[in-house]
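Pasted below: query03.pdb, PDB, C-alpha atoms.
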```
ATOM      1  CA  MET A 203     -26.721  -1.051  12.304
ATOM      2  CA  LYS A 204     -23.609  -2.610  10.804
ATOM      3  CA  ALA A 205     -23.563  -2.819   7.044
ATOM      4  CA  ARG A 206     -22.145  -6.054   5.683
ATOM      5  CA  LEU A 207     -21.339  -6.455   2.036
ATOM      6  CA  PRO A 208     -20.833  -9.815   0.318
ATOM      7  CA  TRP A 209     -17.545 -11.534  -0.356
ATOM      8  CA  GLN A 210     -16.204 -11.606  -3.867
ATOM      9  CA  ALA A 211     -13.904 -14.347  -5.110
ATOM     10  CA  ALA A 212     -11.673 -14.145  -8.152
ATOM     11  CA  ARG A 213      -8.887 -16.250  -9.579
ATOM     12  CA  TYR A 214      -5.866 -14.965 -11.452
ATOM     13  CA  LEU A 215      -2.694 -16.886 -12.334
ATOM     14  CA  GLY A 216      -3.805 -19.631  -9.986
ATOM     15  CA  LEU A 217      -3.984 -17.296  -6.972
ATOM     16  CA  THR A 218      -7.304 -17.011  -5.183
ATOM     17  CA  LEU A 219      -8.047 -13.428  -4.227
ATOM     18  CA  LEU A 220     -10.592 -12.914  -1.490
ATOM     19  CA  LEU A 221     -11.702  -9.332  -1.938
ATOM     20  CA  GLY A 222     -13.665  -8.343   1.120
ATOM     21  CA  LEU A 223     -15.593  -5.096   1.328
ATOM     22  CA  SER A 224     -15.669  -3.701   4.838
ATOM     23  CA  GLY A 225     -18.662  -2.817   6.913
ATOM     24  CA  CYS A 226     -19.253   0.651   8.316
ATOM     25  CA  GLY A 227     -16.196   2.278   9.813
ATOM     26  CA  TRP A 228     -16.163   3.459  13.422
ATOM     27  CA  LEU A 229     -13.708   5.264  15.694
ATOM     28  CA  GLN A 230     -12.519   7.618  12.947
ATOM     29  CA  PRO A 231     -12.093   5.200  10.025
ATOM     30  CA  CYS A 232      -9.116   5.728   7.734
ATOM     31  CA  GLY A 233     -11.221   5.657   4.548
ATOM     32  CA  GLU A 234     -14.868   5.796   3.535
ATOM     33  CA  LYS A 235     -17.593   4.143   5.640
ATOM     34  CA  ASN A 236     -17.818   1.319   3.103
ATOM     35  CA  GLU A 237     -14.305   0.750   1.809
ATOM     36  CA  ALA A 238     -12.660  -1.786  -0.501
ATOM     37  CA  PHE A 239      -9.080  -2.510   0.588
ATOM     38  CA  ASP A 240      -6.254  -3.752  -1.609
ATOM     39  CA  VAL A 241      -2.513  -4.438  -1.395
ATOM     40  CA  PHE A 242      -0.004  -5.393  -4.077
ATOM     41  CA  PHE A 243       3.670  -5.176  -5.034
ATOM     42  CA  GLY A 244       5.222  -4.031  -8.300
ATOM     43  CA  SER A 245       3.481  -1.973 -10.963
ATOM     44  CA  ASP A 246       0.084  -3.717 -10.862
ATOM     45  CA  ARG A 247      -1.818  -6.251  -8.784
ATOM     46  CA  TYR A 248      -2.418  -8.693 -11.659
ATOM     47  CA  SER A 249       1.123  -9.950 -12.247
ATOM     48  CA  THR A 250       3.827 -11.589 -10.165
ATOM     49  CA  ALA A 251       6.199  -9.040  -8.622
ATOM     50  CA  THR A 252       9.819 -10.234  -8.943
ATOM     51  CA  TYR A 253      12.795  -8.682  -7.173
ATOM     52  CA  ALA A 254      16.507  -9.456  -7.050
ATOM     53  CA  LEU A 255      18.361  -8.670  -3.816
ATOM     54  CA  LYS A 256      22.068  -8.783  -3.133
ATOM     55  CA  LEU A 257      23.021 -10.880  -0.127
ATOM     56  CA  GLY A 258      23.948  -8.648   2.814
ATOM     57  CA  GLU A 259      22.713  -5.414   1.199
ATOM     58  CA  ALA A 260      19.850  -3.438   2.762
ATOM     59  CA  ALA A 261      16.547  -3.543   0.859
ATOM     60  CA  ASP A 262      13.284  -1.593   1.028
ATOM     61  CA  ILE A 263      10.442  -3.061  -1.067
ATOM     62  CA  ARG A 264       7.365  -0.834  -1.090
ATOM     63  CA  SER A 265       3.814  -2.055  -1.466
ATOM     64  CA  THR A 266       0.798  -0.175  -2.815
ATOM     65  CA  ILE A 267      -2.168   0.095  -0.453
ATOM     66  CA  THR A 268      -5.689   1.199  -1.353
ATOM     67  CA  PRO A 269      -6.599   3.491   0.280
ATOM     68  CA  GLU A 270      -3.103   4.611   1.262
ATOM     69  CA  SER A 271      -4.534   6.512   4.239
ATOM     70  CA  CYS A 272      -5.333   3.140   5.861
ATOM     71  CA  ARG A 273      -1.789   1.730   5.767
ATOM     72  CA  ASN A 274      -1.032   2.316   9.450
ATOM     73  CA  ASP A 275      -4.415   0.843  10.487
ATOM     74  CA  ILE A 276      -3.940  -2.479   8.648
ATOM     75  CA  SER A 277      -2.634  -5.750  10.112
ATOM     76  CA  PHE A 278      -0.728  -7.884   7.584
ATOM     77  CA  ALA A 279       0.440 -11.497   7.404
ATOM     78  CA  VAL A 280       2.652 -13.471   5.019
ATOM     79  CA  VAL A 281       0.823 -16.397   3.359
ATOM     80  CA  GLY A 282       1.708 -19.109   0.847
ATOM     81  CA  GLY A 283       5.427 -19.041   1.604
ATOM     82  CA  SER A 284       7.962 -17.134   3.666
ATOM     83  CA  LEU A 285      10.082 -13.984   3.632
ATOM     84  CA  PRO A 286      13.824 -14.185   3.014
ATOM     85  CA  PRO A 287      15.645 -14.387   6.371
ATOM     86  CA  GLY A 288      16.582 -10.859   7.409
ATOM     87  CA  LEU A 289      13.515  -9.169   5.888
ATOM     88  CA  LYS A 290      10.452  -8.186   7.899
ATOM     89  CA  LEU A 291       7.074  -6.551   7.377
ATOM     90  CA  ASP A 292       6.813  -2.882   8.309
ATOM     91  CA  SER A 293       3.382  -1.330   7.623
ATOM     92  CA  GLY A 294       2.980  -3.530   4.562
ATOM     93  CA  ASN A 295       6.461  -2.825   3.187
ATOM     94  CA  LEU A 296       9.362  -5.310   3.215
ATOM     95  CA  GLN A 297      12.530  -4.002   4.830
ATOM     96  CA  GLY A 298      15.810  -5.363   6.125
ATOM     97  CA  THR A 299      19.013  -7.044   4.943
ATOM     98  CA  PRO A 300      18.759 -10.548   3.412
ATOM     99  CA  THR A 301      21.074 -13.052   5.095
ATOM    100  CA  LEU A 302      20.491 -16.278   3.147
ATOM    101  CA  GLU A 303      20.677 -16.972  -0.596
ATOM    102  CA  GLY A 304      17.730 -18.558  -2.352
ATOM    103  CA  GLU A 305      14.393 -17.918  -4.036
ATOM    104  CA  TYR A 306      11.435 -17.020  -1.834
ATOM    105  CA  ARG A 307       7.778 -16.946  -2.899
ATOM    106  CA  PHE A 308       4.851 -15.636  -0.884
ATOM    107  CA  SER A 309       1.850 -13.330  -0.842
ATOM    108  CA  LEU A 310       0.821 -10.702   1.656
ATOM    109  CA  MET A 311      -2.599 -10.783   3.304
ATOM    110  CA  ILE A 312      -4.615  -8.011   4.886
ATOM    111  CA  LYS A 313      -6.046  -9.593   8.040
ATOM    112  CA  LYS A 314      -7.717  -6.659   9.717
ATOM    113  CA  VAL A 315      -8.271  -2.912   9.432
ATOM    114  CA  GLU A 316      -8.829  -1.003  12.655
ATOM    115  CA  GLY A 317     -12.204   0.744  12.718
ATOM    116  CA  TYR A 318     -13.980  -1.585  10.270
ATOM    117  CA  SER A 319     -16.434  -4.206  11.406
ATOM    118  CA  SER A 320     -16.623  -6.833   8.656
ATOM    119  CA  SER A 321     -14.448  -9.930   8.533
ATOM    120  CA  PHE A 322     -12.480 -10.155   5.316
ATOM    121  CA  ALA A 323      -9.155 -11.177   3.801
ATOM    122  CA  VAL A 324      -7.330  -9.631   0.870
ATOM    123  CA  SER A 325      -4.378 -11.473  -0.669
ATOM    124  CA  SER A 326      -1.781  -9.590  -2.702
ATOM    125  CA  ASN A 327      -0.331 -10.681  -6.017
ATOM    126  CA  PRO A 328       2.435 -13.316  -5.753
ATOM    127  CA  VAL A 329       5.881 -11.977  -4.837
ATOM    128  CA  VAL A 330       9.162 -13.639  -5.807
ATOM    129  CA  ILE A 331      12.435 -12.499  -4.218
ATOM    130  CA  ARG A 332      15.762 -13.935  -5.367
ATOM    131  CA  VAL A 333      18.716 -13.418  -3.017
ATOM    132  CA  GLY A 334      22.277 -13.976  -4.202
ATOM    133  CA  GLN A 335      25.846 -12.836  -3.701
ATOM    134  CA  ASN A 336      26.252 -11.609  -7.280
ATOM    135  CA  LEU A 337      22.822 -10.057  -7.783
ATOM    136  CA  VAL A 338      22.102  -6.331  -8.063
ATOM    137  CA  ASN A 339      19.165  -4.941  -6.066
ATOM    138  CA  THR A 340      16.131  -4.221  -8.231
ATOM    139  CA  ALA A 341      13.930  -3.290  -5.255
ATOM    140  CA  GLY A 342      13.340   0.420  -4.858
ATOM    141  CA  LYS A 343      12.778   1.165  -8.544
ATOM    142  CA  CYS A 344       9.519   3.005  -8.459
ATOM    143  CA  GLY A 345       7.936   1.757 -11.668
ATOM    144  CA  ARG A 346       8.469   0.324 -15.114
ATOM    145  CA  ASP A 347      10.593   1.804 -17.904
ATOM    146  CA  VAL A 348       7.422   3.533 -19.160
ATOM    147  CA  GLU A 349       5.101   4.561 -16.328
ATOM    148  CA  VAL A 350       1.907   6.613 -16.019
ATOM    149  CA  PHE A 351       1.911   8.640 -12.791
ATOM    150  CA  ASP A 352      -1.081   9.963 -10.937
ATOM    151  CA  LEU A 353      -1.896  11.866  -7.747
ATOM    152  CA  PHE A 354      -5.215  12.666  -6.100
ATOM    153  CA  PHE A 355      -6.928  13.138  -2.739
ATOM    154  CA  GLY A 356     -10.119  11.475  -1.521
ATOM    155  CA  GLY A 357     -11.763   8.242  -2.606
ATOM    156  CA  SER A 358     -11.323   8.517  -6.379
ATOM    157  CA  LYS A 359      -9.735  10.646  -9.083
ATOM    158  CA  GLY A 360     -11.997  13.104 -10.873
ATOM    159  CA  THR A 361     -14.004  14.139  -7.818
ATOM    160  CA  SER A 362     -13.532  17.202  -5.632
ATOM    161  CA  PHE A 363     -11.905  16.688  -2.252
ATOM    162  CA  LEU A 364     -13.292  18.737   0.651
ATOM    163  CA  ALA A 365     -11.691  18.793   4.113
ATOM    164  CA  ASP A 366     -13.227  20.714   7.029
ATOM    165  CA  LEU A 367     -10.395  21.763   9.357
ATOM    166  CA  ARG A 368     -10.353  23.538  12.700
ATOM    167  CA  VAL A 369      -7.927  26.348  13.485
ATOM    168  CA  GLY A 370      -5.052  24.909  15.527
ATOM    169  CA  GLN A 371      -5.976  21.296  14.726
ATOM    170  CA  SER A 372      -3.224  18.930  13.564
ATOM    171  CA  VAL A 373      -3.750  17.901   9.939
ATOM    172  CA  ASP A 374      -2.497  14.887   7.988
ATOM    173  CA  LEU A 375      -4.292  14.603   4.628
ATOM    174  CA  GLN A 376      -3.015  11.525   2.777
ATOM    175  CA  SER A 377      -2.859  11.553  -1.011
ATOM    176  CA  LYS A 378      -3.087   8.593  -3.380
ATOM    177  CA  VAL A 379      -0.052   8.185  -5.645
ATOM    178  CA  VAL A 380       0.022   5.713  -8.552
ATOM    179  CA  PRO A 381       2.274   3.784  -8.424
ATOM    180  CA  GLU A 382       2.710   4.202  -4.657
ATOM    181  CA  SER A 383       6.260   2.852  -4.910
ATOM    182  CA  CYS A 384       7.256   6.081  -6.713
ATOM    183  CA  ARG A 385       6.152   8.488  -3.969
ATOM    184  CA  GLN A 386       9.622   9.076  -2.528
ATOM    185  CA  ALA A 387      11.076   9.580  -6.017
ATOM    186  CA  MET A 388       8.592  12.377  -6.830
ATOM    187  CA  THR A 389       8.773  16.147  -6.348
ATOM    188  CA  PHE A 390       5.455  17.910  -5.663
ATOM    189  CA  SER A 391       4.301  21.530  -5.891
ATOM    190  CA  VAL A 392       1.060  23.484  -5.412
ATOM    191  CA  LEU A 393      -0.614  24.964  -8.512
ATOM    192  CA  GLY A 394      -3.701  27.112  -8.997
ATOM    193  CA  GLY A 395      -3.893  28.368  -5.427
ATOM    194  CA  VAL A 396      -2.130  28.258  -2.053
ATOM    195  CA  LEU A 397      -2.138  26.022   0.996
ATOM    196  CA  PRO A 398      -3.631  27.387   4.235
ATOM    197  CA  ASP A 399      -1.108  29.002   6.565
ATOM    198  CA  GLY A 400       0.563  26.356   8.726
ATOM    199  CA  LEU A 401       0.140  23.511   6.227
ATOM    200  CA  SER A 402       2.851  22.182   3.921
ATOM    201  CA  LEU A 403       3.485  19.390   1.425
ATOM    202  CA  SER A 404       5.328  16.311   2.676
ATOM    203  CA  GLU A 405       5.879  13.602   0.018
ATOM    204  CA  GLY A 406       2.580  14.563  -1.606
ATOM    205  CA  ASN A 407       0.624  14.615   1.666
ATOM    206  CA  ILE A 408      -0.608  17.786   3.367
ATOM    207  CA  LYS A 409       0.462  18.188   6.984
ATOM    208  CA  GLY A 410       0.660  20.823   9.699
ATOM    209  CA  LYS A 411      -1.777  22.773  11.847
TER     210      LYS A 411
END
```

Encoding of this model in structure tokens:
Amino acid sequence: MKARLPWQAARYLGLTLLLGLSGCGWLQPCGEKNEAFDVFFGSDRYSTATYALKLGEAADIRSTITPESCRNDISFAVVGGSLPPGLKLDSGNLQGTPTLEGEYRFSLMIKKVEGYSSSFAVSSNPVVIRVGQNLVNTAGKCGRDVEVFDLFFGGSKGTSFLADLRVGQSVDLQSKVVPESCRQAMTFSVLGGVLPDGLSLSEGNIKGK
């Protein structure tokens, strides 16, 4: 039987957020069987994320996905506006080289997650990108001037994470980093124990066989 959970609607800063909880996952779901998905840019989902990009200079604007392990299973769409010419969506991130000056406003929407049965839509916080010849890129900064960082595995912080692995099986255990935009700026190490032989840390995730 497919579990279907009700829609929730919320309004913030004039943006309607449709927060859909998925039904039971199938075909090896990327998260829990009943999962709440989210996507946003910047340091938090409740404020407008504003970026300045220099015309003709490559940019890489990272989003935060909950759960991060589902990023490659999610289909996204741009709503309420348009991307700057030269930028494109890549697994929920914005990448490319802007080719036209101007101010661009939009939100990102999660349309579908592979392996989950319920219909739902999740809209991100508003995003504003200003493109100009004399601007300095602000995209790529991982957080605010004062940031609280966090890292955990599994559905939530404060609970034990247990993974049953087979010998010789390929492993890719995805961690949750807050803010996700800081992952590539972080250095990780193992404390209080050791990883199994054949596994290693890769940007906070555990991979190998």

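Coordinates place atom CA of A:Asp246 at a distance of 28.3 Å from atom CA of A:Lys409.
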
Practice task
For A:Lys378, please output as a ChimeraX atom specification all residues within 8 Å (counting only C-alpha atoms; exclusion window: fewer than 4 positions along the same chain).
Solution key: /A:269-270,352-356,382

Problem - Spatial neighbours of A:Thr301, 8 Å, all atoms listed in the file, chain gap at least 3 places, as JSON, numbers by chain - result: {"A": [257, 258, 286, 287, 288]}

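Taking all atoms listed in the file into account, A:Ala238 lies nearest to A:Ile267 out of the set A:Leu401, A:Leu367, A:Ile267, A:Leu255.
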
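Atom CA of A:Thr250 sits 18.3 Å away from atom CA of A:Cys384.
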
Handout entry: Selection under test: the PyMOL selection byres ((chain A and resi 260) around 8); residues as a list in words
Key = Gly258, Glu259, Ala261, Asp262, Gln297, Gly298, Thr299 and Pro300 of chain A

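Our summary of the geometry notes that atom CA of A:Leu403 is positioned 10.0 Å from atom CA of A:Asp374.
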
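Between A:Asn327 and the residues A:Ser265, A:Thr389, A:Val380, A:Gly400, the shortest atom-to-atom distance, using all atoms listed in the file, involves A:Ser265.
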
Could you write out as AutoDock Vina command-line options the box around stretch 241-250 of chain A (axis-aligned, all atoms listed in the file, 4 Å on each side), with centre and edge lengths in Å to one decimal?
```
--center_x 1.4 --center_y -6.8 --center_z -6.8 --size_x 15.7 --size_y 17.6 --size_z 18.9
```

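Across A:Gly282, A:Gly317, A:Gly334, A:Leu302, the tightest approach to A:Lys235 is made by A:Gly317 when counting all atoms listed in the file.
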
Exercise for the section: Go through A:Arg385, A:Gly395, A:Ile408, A:Ile263 and flag the residue nearest A:Ala365, using all atoms listed in the file for the distances. Expected result: A:Ile408

Problem - Picked residues, the PyMOL selection byres ((chain A and resi 304-316) around 8), as a ChimeraX atom specification - result: /A:231,240-242,272,275-286,302-303,317-318,321-334

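Distance annotation: of A:Lys256, A:Lys411, A:Lys290, A:Arg247, the residue with the minimal separation from A:Asn339 is A:Lys256; atom set is all atoms listed in the file.
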
Problem - Neighbours of point (2.3, 15.5, -2.6) within 7 Å, using all atoms listed in the file, written as a VMD selection string - result: chain A and resid 377 390 403 to 407
